[in-house]
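Content type PDB, C-alpha atoms, pLDDT in the B column, from the file my_file.pdb:
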```pdb
ATOM      1  CA  MET A   1       6.165 -15.049  23.063  1.00 40.00           C
ATOM      2  CA  SER A   2       7.521 -12.474  20.615  1.00 45.00           C
ATOM      3  CA  LEU A   3       5.615 -11.832  17.372  1.00 39.00           C
ATOM      4  CA  SER A   4       7.508 -10.623  14.300  1.00 49.00           C
ATOM      5  CA  ARG A   5       5.996  -8.036  11.889  1.00 45.00           C
ATOM      6  CA  ARG A   6       5.671 -10.779   9.262  1.00 48.00           C
ATOM      7  CA  ASP A   7       3.801 -13.027  11.725  1.00 48.00           C
ATOM      8  CA  PHE A   8       1.588 -10.119  12.785  1.00 39.00           C
ATOM      9  CA  VAL A   9       0.699  -9.214   9.197  1.00 41.00           C
ATOM     10  CA  ARG A  10      -0.041 -12.855   8.402  1.00 42.00           C
ATOM     11  CA  SER A  11      -2.221 -13.398  11.444  1.00 38.00           C
ATOM     12  CA  ALA A  12      -3.989 -10.032  11.111  1.00 36.00           C
ATOM     13  CA  SER A  13      -5.007 -10.694   7.537  1.00 35.00           C
ATOM     14  CA  ILE A  14      -6.044 -14.329   7.338  1.00 31.00           C
ATOM     15  CA  GLY A  15      -8.548 -14.695   4.543  1.00 29.00           C
ATOM     16  CA  ALA A  16      -8.182 -11.059   3.494  1.00 31.00           C
ATOM     17  CA  ARG A  17      -8.719 -10.064  -0.101  1.00 29.00           C
ATOM     18  CA  VAL A  18      -7.993  -6.711  -1.764  1.00 31.00           C
ATOM     19  CA  GLY A  19      -9.534  -5.305  -4.926  1.00 32.00           C
ATOM     20  CA  LEU A  20      -6.176  -5.527  -6.713  1.00 38.00           C
ATOM     21  CA  ALA A  21      -6.749  -9.119  -7.798  1.00 35.00           C
ATOM     22  CA  SER A  22      -6.801  -8.119 -11.438  1.00 35.00           C
ATOM     23  CA  VAL A  23      -3.288  -6.715 -11.074  1.00 36.00           C
ATOM     24  CA  LEU A  24      -1.445  -9.090  -8.749  1.00 38.00           C
ATOM     25  CA  GLU A  25      -2.030 -12.628  -7.594  1.00 37.00           C
ATOM     26  CA  ILE A  26      -3.679 -12.552  -4.193  1.00 36.00           C
ATOM     27  CA  GLY A  27      -4.125 -15.248  -1.621  1.00 36.00           C
ATOM     28  CA  PRO A  28      -4.892 -15.447   2.064  1.00 36.00           C
ATOM     29  CA  ALA A  29      -1.995 -14.449   4.268  1.00 37.00           C
ATOM     30  CA  SER A  30      -1.360 -17.443   6.461  1.00 34.00           C
ATOM     31  CA  ALA A  31       1.673 -19.234   7.768  1.00 31.00           C
ATOM     32  CA  GLU A  32       1.226 -21.840   5.042  1.00 32.00           C
ATOM     33  CA  SER A  33       1.067 -19.387   2.134  1.00 34.00           C
ATOM     34  CA  THR A  34       4.458 -17.752   1.929  1.00 31.00           C
ATOM     35  CA  PRO A  35       4.845 -16.344  -1.600  1.00 32.00           C
ATOM     36  CA  THR A  36       7.272 -18.033  -3.948  1.00 32.00           C
ATOM     37  CA  ALA A  37       8.545 -17.029  -7.372  1.00 32.00           C
ATOM     38  CA  SER A  38       5.553 -18.751  -8.950  1.00 31.00           C
ATOM     39  CA  GLN A  39       3.131 -16.985  -6.587  1.00 49.00           C
ATOM     40  CA  GLY A  40       4.561 -13.476  -7.066  1.00 74.00           C
ATOM     41  CA  THR A  41       3.427 -10.673  -4.816  1.00 81.00           C
ATOM     42  CA  LYS A  42       0.830 -11.011  -2.080  1.00 86.00           C
ATOM     43  CA  ILE A  43      -1.582  -8.154  -1.361  1.00 84.00           C
ATOM     44  CA  ILE A  44      -3.218  -8.118   2.060  1.00 89.00           C
ATOM     45  CA  ASN A  45      -5.746  -5.991   3.936  1.00 88.00           C
ATOM     46  CA  LEU A  46      -4.802  -4.996   7.448  1.00 88.00           C
ATOM     47  CA  ASP A  47      -8.513  -4.283   8.049  1.00 92.00           C
ATOM     48  CA  ASP A  48     -10.427  -7.259   6.668  1.00 89.00           C
ATOM     49  CA  ARG A  49     -13.737  -5.363   6.934  1.00 94.00           C
ATOM     50  CA  VAL A  50     -12.854  -2.726   4.326  1.00 93.00           C
ATOM     51  CA  SER A  51     -11.070  -3.620   1.101  1.00 91.00           C
ATOM     52  CA  PHE A  52      -8.782  -1.359  -0.885  1.00 91.00           C
ATOM     53  CA  LYS A  53     -11.317  -1.571  -3.719  1.00 91.00           C
ATOM     54  CA  GLN A  54     -14.044  -0.261  -1.395  1.00 94.00           C
ATOM     55  CA  GLN A  55     -11.788   2.612  -0.400  1.00 95.00           C
ATOM     56  CA  LEU A  56     -11.119   3.438  -4.078  1.00 94.00           C
ATOM     57  CA  GLU A  57     -14.873   3.804  -4.583  1.00 95.00           C
ATOM     58  CA  ARG A  58     -15.181   6.513  -1.912  1.00 95.00           C
ATOM     59  CA  ASN A  59     -13.926   9.861  -3.146  1.00 95.00           C
ATOM     60  CA  VAL A  60     -12.967  11.886  -0.085  1.00 96.00           C
ATOM     61  CA  GLY A  61     -10.062  14.168   0.523  1.00 95.00           C
ATOM     62  CA  PRO A  62      -7.543  15.040   1.504  1.00 96.00           C
ATOM     63  CA  VAL A  63      -6.270  11.529   2.194  1.00 97.00           C
ATOM     64  CA  VAL A  64      -3.058   9.794   3.149  1.00 97.00           C
ATOM     65  CA  LEU A  65      -2.278   6.554   1.360  1.00 97.00           C
ATOM     66  CA  MET A  66      -0.081   4.408   3.570  1.00 97.00           C
ATOM     67  CA  SER A  67       1.418   1.360   1.916  1.00 96.00           C
ATOM     68  CA  THR A  68       3.734  -1.215   3.412  1.00 97.00           C
ATOM     69  CA  PHE A  69       6.053  -3.504   1.494  1.00 96.00           C
ATOM     70  CA  LEU A  70       7.704  -6.469   3.178  1.00 97.00           C
ATOM     71  CA  VAL A  71      10.457  -7.268   0.683  1.00 97.00           C
ATOM     72  CA  PRO A  72      12.680 -10.365   0.633  1.00 97.00           C
ATOM     73  CA  PRO A  73      16.053  -9.111   1.919  1.00 97.00           C
ATOM     74  CA  ASP A  74      17.901 -10.196  -1.234  1.00 97.00           C
ATOM     75  CA  GLN A  75      15.427  -8.246  -3.419  1.00 96.00           C
ATOM     76  CA  ILE A  76      15.649  -4.779  -1.845  1.00 97.00           C
ATOM     77  CA  ASP A  77      17.615  -3.236  -4.727  1.00 96.00           C
ATOM     78  CA  VAL A  78      15.100  -4.637  -7.236  1.00 95.00           C
ATOM     79  CA  PHE A  79      12.213  -3.279  -5.165  1.00 96.00           C
ATOM     80  CA  LEU A  80      13.764   0.193  -4.890  1.00 96.00           C
ATOM     81  CA  ALA A  81      14.446   0.361  -8.637  1.00 95.00           C
ATOM     82  CA  GLY A  82      10.805  -0.531  -9.340  1.00 93.00           C
ATOM     83  CA  PHE A  83       9.557   1.879  -6.710  1.00 94.00           C
ATOM     84  CA  ARG A  84      11.471   4.719  -8.399  1.00 95.00           C
ATOM     85  CA  LYS A  85       9.731   3.873 -11.691  1.00 93.00           C
ATOM     86  CA  GLN A  86       6.315   3.808 -10.010  1.00 92.00           C
ATOM     87  CA  PHE A  87       6.885   7.129  -8.314  1.00 94.00           C
ATOM     88  CA  ALA A  88       8.088   8.694 -11.570  1.00 94.00           C
ATOM     89  CA  ILE A  89       4.622   7.944 -12.955  1.00 94.00           C
ATOM     90  CA  MET A  90       2.692   9.102  -9.885  1.00 95.00           C
ATOM     91  CA  ARG A  91       4.585  12.337  -9.265  1.00 94.00           C
ATOM     92  CA  LYS A  92       3.229  13.646 -12.586  1.00 94.00           C
ATOM     93  CA  GLN A  93      -0.352  13.249 -11.356  1.00 94.00           C
ATOM     94  CA  THR A  94      -2.393  16.271 -10.391  1.00 95.00           C
ATOM     95  CA  GLY A  95      -3.391  16.042  -6.756  1.00 96.00           C
ATOM     96  CA  LEU A  96      -0.244  14.482  -5.302  1.00 96.00           C
ATOM     97  CA  ILE A  97       0.741  16.716  -2.396  1.00 96.00           C
ATOM     98  CA  SER A  98       3.722  14.928  -0.841  1.00 95.00           C
ATOM     99  CA  ALA A  99       5.332  11.518  -0.553  1.00 96.00           C
ATOM    100  CA  GLN A 100       7.971   9.838   1.576  1.00 97.00           C
ATOM    101  CA  LEU A 101       9.287   6.282   1.577  1.00 97.00           C
ATOM    102  CA  HIS A 102      10.518   4.959   4.930  1.00 98.00           C
ATOM    103  CA  ARG A 103      12.476   1.804   5.805  1.00 98.00           C
ATOM    104  CA  GLY A 104      12.428  -0.103   9.064  1.00 98.00           C
ATOM    105  CA  ILE A 105      15.580   0.200  11.130  1.00 98.00           C
ATOM    106  CA  ALA A 106      18.179  -2.375  12.229  1.00 97.00           C
ATOM    107  CA  GLY A 107      18.360  -4.128   8.850  1.00 95.00           C
ATOM    108  CA  SER A 108      14.604  -4.469   8.380  1.00 97.00           C
ATOM    109  CA  SER A 109      13.314  -5.119   4.868  1.00 98.00           C
ATOM    110  CA  LEU A 110       9.939  -3.544   5.685  1.00 98.00           C
ATOM    111  CA  PHE A 111       9.199  -0.322   3.796  1.00 98.00           C
ATOM    112  CA  MET A 112       6.373   2.139   4.409  1.00 98.00           C
ATOM    113  CA  ASN A 113       5.271   4.715   1.847  1.00 97.00           C
ATOM    114  CA  TYR A 114       3.292   7.711   3.068  1.00 96.00           C
ATOM    115  CA  ILE A 115       1.627   9.769   0.317  1.00 97.00           C
ATOM    116  CA  VAL A 116      -0.725  12.724   0.782  1.00 97.00           C
ATOM    117  CA  TRP A 117      -3.312  13.161  -2.004  1.00 97.00           C
ATOM    118  CA  GLU A 118      -5.927  15.877  -2.545  1.00 97.00           C
ATOM    119  CA  SER A 119      -8.515  13.089  -2.935  1.00 97.00           C
ATOM    120  CA  VAL A 120      -8.967   9.389  -3.591  1.00 97.00           C
ATOM    121  CA  ASP A 121      -9.931  10.231  -7.198  1.00 97.00           C
ATOM    122  CA  ALA A 122      -6.619  12.071  -7.669  1.00 96.00           C
ATOM    123  CA  PHE A 123      -4.804   8.862  -6.712  1.00 96.00           C
ATOM    124  CA  LYS A 124      -7.103   6.736  -8.897  1.00 95.00           C
ATOM    125  CA  ARG A 125      -6.261   8.736 -12.039  1.00 94.00           C
ATOM    126  CA  GLY A 126      -2.619   7.702 -11.730  1.00 93.00           C
ATOM    127  CA  TYR A 127      -3.352   4.236 -10.363  1.00 93.00           C
ATOM    128  CA  GLU A 128      -5.516   3.327 -13.365  1.00 93.00           C
ATOM    129  CA  LEU A 129      -2.900   4.336 -15.952  1.00 94.00           C
ATOM    130  CA  PRO A 130      -1.743   1.297 -17.975  1.00 94.00           C
ATOM    131  CA  GLU A 131       1.924   2.110 -17.326  1.00 94.00           C
ATOM    132  CA  PHE A 132       1.335   2.201 -13.565  1.00 92.00           C
ATOM    133  CA  GLN A 133      -0.614  -1.061 -13.670  1.00 90.00           C
ATOM    134  CA  ALA A 134       2.240  -2.676 -15.610  1.00 90.00           C
ATOM    135  CA  GLN A 135       4.756  -1.450 -13.045  1.00 88.00           C
ATOM    136  CA  LEU A 136       2.711  -2.922 -10.166  1.00 86.00           C
ATOM    137  CA  LYS A 137       3.330  -6.353 -11.647  1.00 87.00           C
ATOM    138  CA  GLN A 138       7.084  -5.853 -11.291  1.00 88.00           C
ATOM    139  CA  TYR A 139       7.361  -6.188  -7.508  1.00 91.00           C
ATOM    140  CA  PRO A 140       9.910  -8.865  -6.575  1.00 94.00           C
ATOM    141  CA  ALA A 141       8.477 -12.324  -5.930  1.00 92.00           C
ATOM    142  CA  GLY A 142       7.740 -12.835  -2.265  1.00 94.00           C
ATOM    143  CA  THR A 143       6.854  -9.193  -1.558  1.00 95.00           C
ATOM    144  CA  VAL A 144       3.894  -8.687   0.799  1.00 95.00           C
ATOM    145  CA  VAL A 145       2.008  -5.417   0.212  1.00 94.00           C
ATOM    146  CA  SER A 146      -0.731  -3.606   2.102  1.00 94.00           C
ATOM    147  CA  ALA A 147      -2.339  -0.271   1.208  1.00 94.00           C
ATOM    148  CA  THR A 148      -4.918   1.793   3.081  1.00 96.00           C
ATOM    149  CA  PHE A 149      -6.300   5.323   2.801  1.00 97.00           C
ATOM    150  CA  PHE A 150      -6.557   7.474   5.922  1.00 96.00           C
ATOM    151  CA  GLN A 151      -7.963  10.868   6.888  1.00 94.00           C
ATOM    152  CA  ARG A 152      -6.929  12.989   9.814  1.00 90.00           C
ATOM    153  CA  VAL A 153      -8.975  12.637  12.988  1.00 88.00           C
ATOM    154  CA  ALA A 154      -9.595  15.490  15.402  1.00 84.00           C
ATOM    155  CA  VAL A 155      -8.599  14.585  18.962  1.00 85.00           C
ATOM    156  CA  ALA A 156      -9.245  17.333  21.493  1.00 82.00           C
ATOM    157  CA  GLY A 157      -6.075  18.677  23.037  1.00 82.00           C
ATOM    158  CA  MET A 158      -3.876  16.632  20.720  1.00 82.00           C
ATOM    159  CA  CYS A 159      -4.445  17.223  17.005  1.00 78.00           C
ATOM    160  CA  VAL A 160      -6.751  18.821  14.473  1.00 72.00           C
ATOM    161  CA  GLY A 161      -8.621  16.881  11.817  1.00 66.00           C
ATOM    162  CA  GLU A 162     -11.223  17.084   9.116  1.00 56.00           C
ATOM    163  CA  GLY A 163     -13.965  16.849  11.736  1.00 49.00           C
ATOM    164  CA  SER A 164     -16.448  14.616   9.899  1.00 47.00           C
ATOM    165  CA  ILE A 165     -14.241  11.531  10.004  1.00 52.00           C
ATOM    166  CA  ALA A 166     -14.389  11.374  13.816  1.00 46.00           C
ATOM    167  CA  ALA A 167     -18.183  11.206  13.732  1.00 40.00           C
ATOM    168  CA  GLU A 168     -18.403   8.254  11.306  1.00 45.00           C
TER     169      GLU A 168
END
```
Could you spell out this file's structure in structure tokens?
Amino acid sequence: MSLSRRDFVRSASIGARVGLASVLEIGPASAESTPTASQGTKIINLDDRVSFKQQLERNVGPVVLMSTFLVPPDQIDVFLAGFRKQFAIMRKQTGLISAQLHRGIAGSSLFMNYIVWESVDAFKRGYELPEFQAQLKQYPAGTVVSATFFQRVAVAGMCVGEGSIAAE
């Protein structure tokens, strides 16, 4: 049986909650809880053991913030216009090193944003701005969002990393 990305995200995050509840309406990601216009945007954790809020409370760096956005196909232009506004706010923040938005191929409406920050606190300064918070509320209805911070991991013979992350 084939499993779509949407089905995977739903099944991987049943009962998940993210610390963005004050910004966007959040509910469990299950087959029965597809967002509608009245529900707005759904925020999910891909790792239900560590919330985005918990990650925001741990100032480490450098970090990569990887966010995914599963956008209703008829709302892609709306999403991209809002994303441009969000990035216009964030690119002014001290500590942003680089950013790149990616889109799934073959007509996919799944987007992935990859942003390198000097630290979690550098991201938080922009994230907590009232104008950024207001823009977060503008995602098209039915959008499913996940966000997670990462650090490089050293793997012998393959890649270099920060070192301490591999030991945790």
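When CA of Ser51 (chain A) is paired with CA of Thr68 (chain A), their separation reads 15.2 Å.
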Exercise: Arg84 (chain A) partners within 12 Å, all atoms listed in the file, chain neighbours under 5 positions left out, as a VMD selection string
chain A and resid 77 to 79 89 to 91 100 to 101 113 132 135 to 136 138 to 139
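Between CA of Phe83 (chain A) and CA of Gly126 (chain A) the interatomic distance comes to 14.4 Å.
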Starting from the displayed file, determine the output of the PyMOL selection byres ((chain A and resi 125) around 12) and express the residue list as a short mmCIF file (atom, residue, chain, number, x, y, z; two decimals) with C-alpha atoms, in the frame of the given file.
```cif
data_model
loop_
_atom_site.label_atom_id
_atom_site.label_comp_id
_atom_site.auth_asym_id
_atom_site.auth_seq_id
_atom_site.Cartn_x
_atom_site.Cartn_y
_atom_site.Cartn_z
CA LEU A 56 -11.12 3.44 -4.08
CA ASN A 59 -13.93 9.86 -3.15
CA ILE A 89 4.62 7.94 -12.96
CA MET A 90 2.69 9.10 -9.88
CA ARG A 91 4.58 12.34 -9.26
CA LYS A 92 3.23 13.65 -12.59
CA GLN A 93 -0.35 13.25 -11.36
CA THR A 94 -2.39 16.27 -10.39
CA GLY A 95 -3.39 16.04 -6.76
CA LEU A 96 -0.24 14.48 -5.30
CA TRP A 117 -3.31 13.16 -2.00
CA GLU A 118 -5.93 15.88 -2.54
CA SER A 119 -8.52 13.09 -2.94
CA VAL A 120 -8.97 9.39 -3.59
CA ASP A 121 -9.93 10.23 -7.20
CA ALA A 122 -6.62 12.07 -7.67
CA PHE A 123 -4.80 8.86 -6.71
CA LYS A 124 -7.10 6.74 -8.90
CA GLY A 126 -2.62 7.70 -11.73
CA TYR A 127 -3.35 4.24 -10.36
CA GLU A 128 -5.52 3.33 -13.36
CA LEU A 129 -2.90 4.34 -15.95
CA PRO A 130 -1.74 1.30 -17.98
CA GLU A 131 1.92 2.11 -17.33
CA PHE A 132 1.34 2.20 -13.56
CA GLN A 133 -0.61 -1.06 -13.67
#
```
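Pairwise distance (CA of Ala156 (chain A), CA of Ser98 (chain A)) equals 25.9 Å.
Using only C-alpha atoms, the smallest distance between any of A:Phe150, A:Ala81, A:Ile105, A:Val145 and Gly61 (chain A) comes from A:Phe150.
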Handout entry: Residues in the PyMOL selection byres ((chain A and resi 76) around 12), expressed as a ChimeraX atom specification
Key = /A:69-75,77-83,103,107-111,139-143
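Nearest to Ala134 (chain A) of all the residues A:Met112, A:Gln86, A:Glu57, A:Phe52 is A:Gln86, counting only C-alpha atoms.
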For region 115-126 of chain A, supply all heavy atoms and format the output as a compact mmCIF listing (two decimals), keeping the file's coordinate frame.
```
# COMPACT_ATOMS: atom_id res chain seq x y z
N ILE A 115 1.89 8.81 1.39
CA ILE A 115 1.63 9.77 0.32
C ILE A 115 0.35 10.55 0.65
O ILE A 115 -0.69 9.96 0.96
CB ILE A 115 1.42 9.08 -1.05
CG1 ILE A 115 2.62 8.20 -1.40
CG2 ILE A 115 1.19 10.11 -2.14
CD1 ILE A 115 2.46 7.46 -2.71
N VAL A 116 0.43 11.86 0.56
CA VAL A 116 -0.72 12.72 0.78
C VAL A 116 -1.29 13.10 -0.59
O VAL A 116 -0.56 13.58 -1.47
CB VAL A 116 -0.35 13.99 1.58
CG1 VAL A 116 -1.59 14.86 1.80
CG2 VAL A 116 0.32 13.63 2.90
N TRP A 117 -2.60 12.85 -0.77
CA TRP A 117 -3.31 13.16 -2.00
C TRP A 117 -4.44 14.14 -1.71
O TRP A 117 -5.03 14.11 -0.63
CB TRP A 117 -3.93 11.89 -2.61
CG TRP A 117 -2.92 10.95 -3.17
CD1 TRP A 117 -2.32 9.89 -2.54
CD2 TRP A 117 -2.39 10.97 -4.49
NE1 TRP A 117 -1.46 9.28 -3.39
CE2 TRP A 117 -1.48 9.91 -4.61
CE3 TRP A 117 -2.61 11.79 -5.60
CZ2 TRP A 117 -0.78 9.65 -5.78
CZ3 TRP A 117 -1.91 11.53 -6.77
CH2 TRP A 117 -1.01 10.47 -6.85
N GLU A 118 -4.78 14.97 -2.69
CA GLU A 118 -5.93 15.88 -2.54
C GLU A 118 -7.22 15.09 -2.37
O GLU A 118 -8.12 15.53 -1.67
CB GLU A 118 -6.04 16.79 -3.76
CG GLU A 118 -4.97 17.85 -3.81
CD GLU A 118 -5.08 18.74 -5.04
OE1 GLU A 118 -6.03 18.56 -5.85
OE2 GLU A 118 -4.22 19.62 -5.20
N SER A 119 -7.31 13.92 -3.02
CA SER A 119 -8.52 13.09 -2.94
C SER A 119 -8.19 11.67 -3.40
O SER A 119 -7.15 11.42 -4.00
CB SER A 119 -9.62 13.66 -3.83
OG SER A 119 -9.24 13.55 -5.19
N VAL A 120 -9.11 10.76 -3.10
CA VAL A 120 -8.97 9.39 -3.59
C VAL A 120 -8.98 9.38 -5.12
O VAL A 120 -8.19 8.68 -5.75
CB VAL A 120 -10.08 8.48 -3.01
CG1 VAL A 120 -10.05 7.10 -3.67
CG2 VAL A 120 -9.92 8.35 -1.50
N ASP A 121 -9.87 10.18 -5.73
CA ASP A 121 -9.93 10.23 -7.20
C ASP A 121 -8.62 10.70 -7.81
O ASP A 121 -8.24 10.24 -8.89
CB ASP A 121 -11.09 11.10 -7.68
CG ASP A 121 -12.43 10.38 -7.65
OD1 ASP A 121 -12.46 9.18 -7.30
OD2 ASP A 121 -13.44 11.03 -7.96
N ALA A 122 -7.92 11.62 -7.16
CA ALA A 122 -6.62 12.07 -7.67
C ALA A 122 -5.65 10.89 -7.74
O ALA A 122 -4.93 10.71 -8.73
CB ALA A 122 -6.06 13.18 -6.79
N PHE A 123 -5.64 10.07 -6.69
CA PHE A 123 -4.80 8.86 -6.71
C PHE A 123 -5.25 7.91 -7.82
O PHE A 123 -4.43 7.38 -8.57
CB PHE A 123 -4.86 8.14 -5.36
CG PHE A 123 -4.31 6.75 -5.42
CD1 PHE A 123 -2.94 6.53 -5.44
CD2 PHE A 123 -5.16 5.65 -5.51
CE1 PHE A 123 -2.43 5.24 -5.52
CE2 PHE A 123 -4.66 4.37 -5.58
CZ PHE A 123 -3.29 4.15 -5.59
N LYS A 124 -6.57 7.70 -7.92
CA LYS A 124 -7.10 6.74 -8.90
C LYS A 124 -6.70 7.07 -10.33
O LYS A 124 -6.45 6.17 -11.12
CB LYS A 124 -8.63 6.69 -8.82
CG LYS A 124 -9.13 5.66 -7.84
CD LYS A 124 -10.63 5.66 -7.67
CE LYS A 124 -11.45 5.61 -8.91
NZ LYS A 124 -12.89 5.47 -8.65
N ARG A 125 -6.64 8.35 -10.67
CA ARG A 125 -6.26 8.74 -12.04
C ARG A 125 -4.89 8.18 -12.39
O ARG A 125 -4.67 7.69 -13.49
CB ARG A 125 -6.30 10.25 -12.20
CG ARG A 125 -7.71 10.80 -12.32
CD ARG A 125 -7.71 12.27 -12.74
NE ARG A 125 -7.13 13.16 -11.73
CZ ARG A 125 -7.80 13.68 -10.71
NH1 ARG A 125 -9.09 13.42 -10.56
NH2 ARG A 125 -7.21 14.48 -9.85
N GLY A 126 -3.95 8.26 -11.48
CA GLY A 126 -2.62 7.70 -11.73
C GLY A 126 -2.60 6.19 -11.61
O GLY A 126 -1.97 5.50 -12.40
```
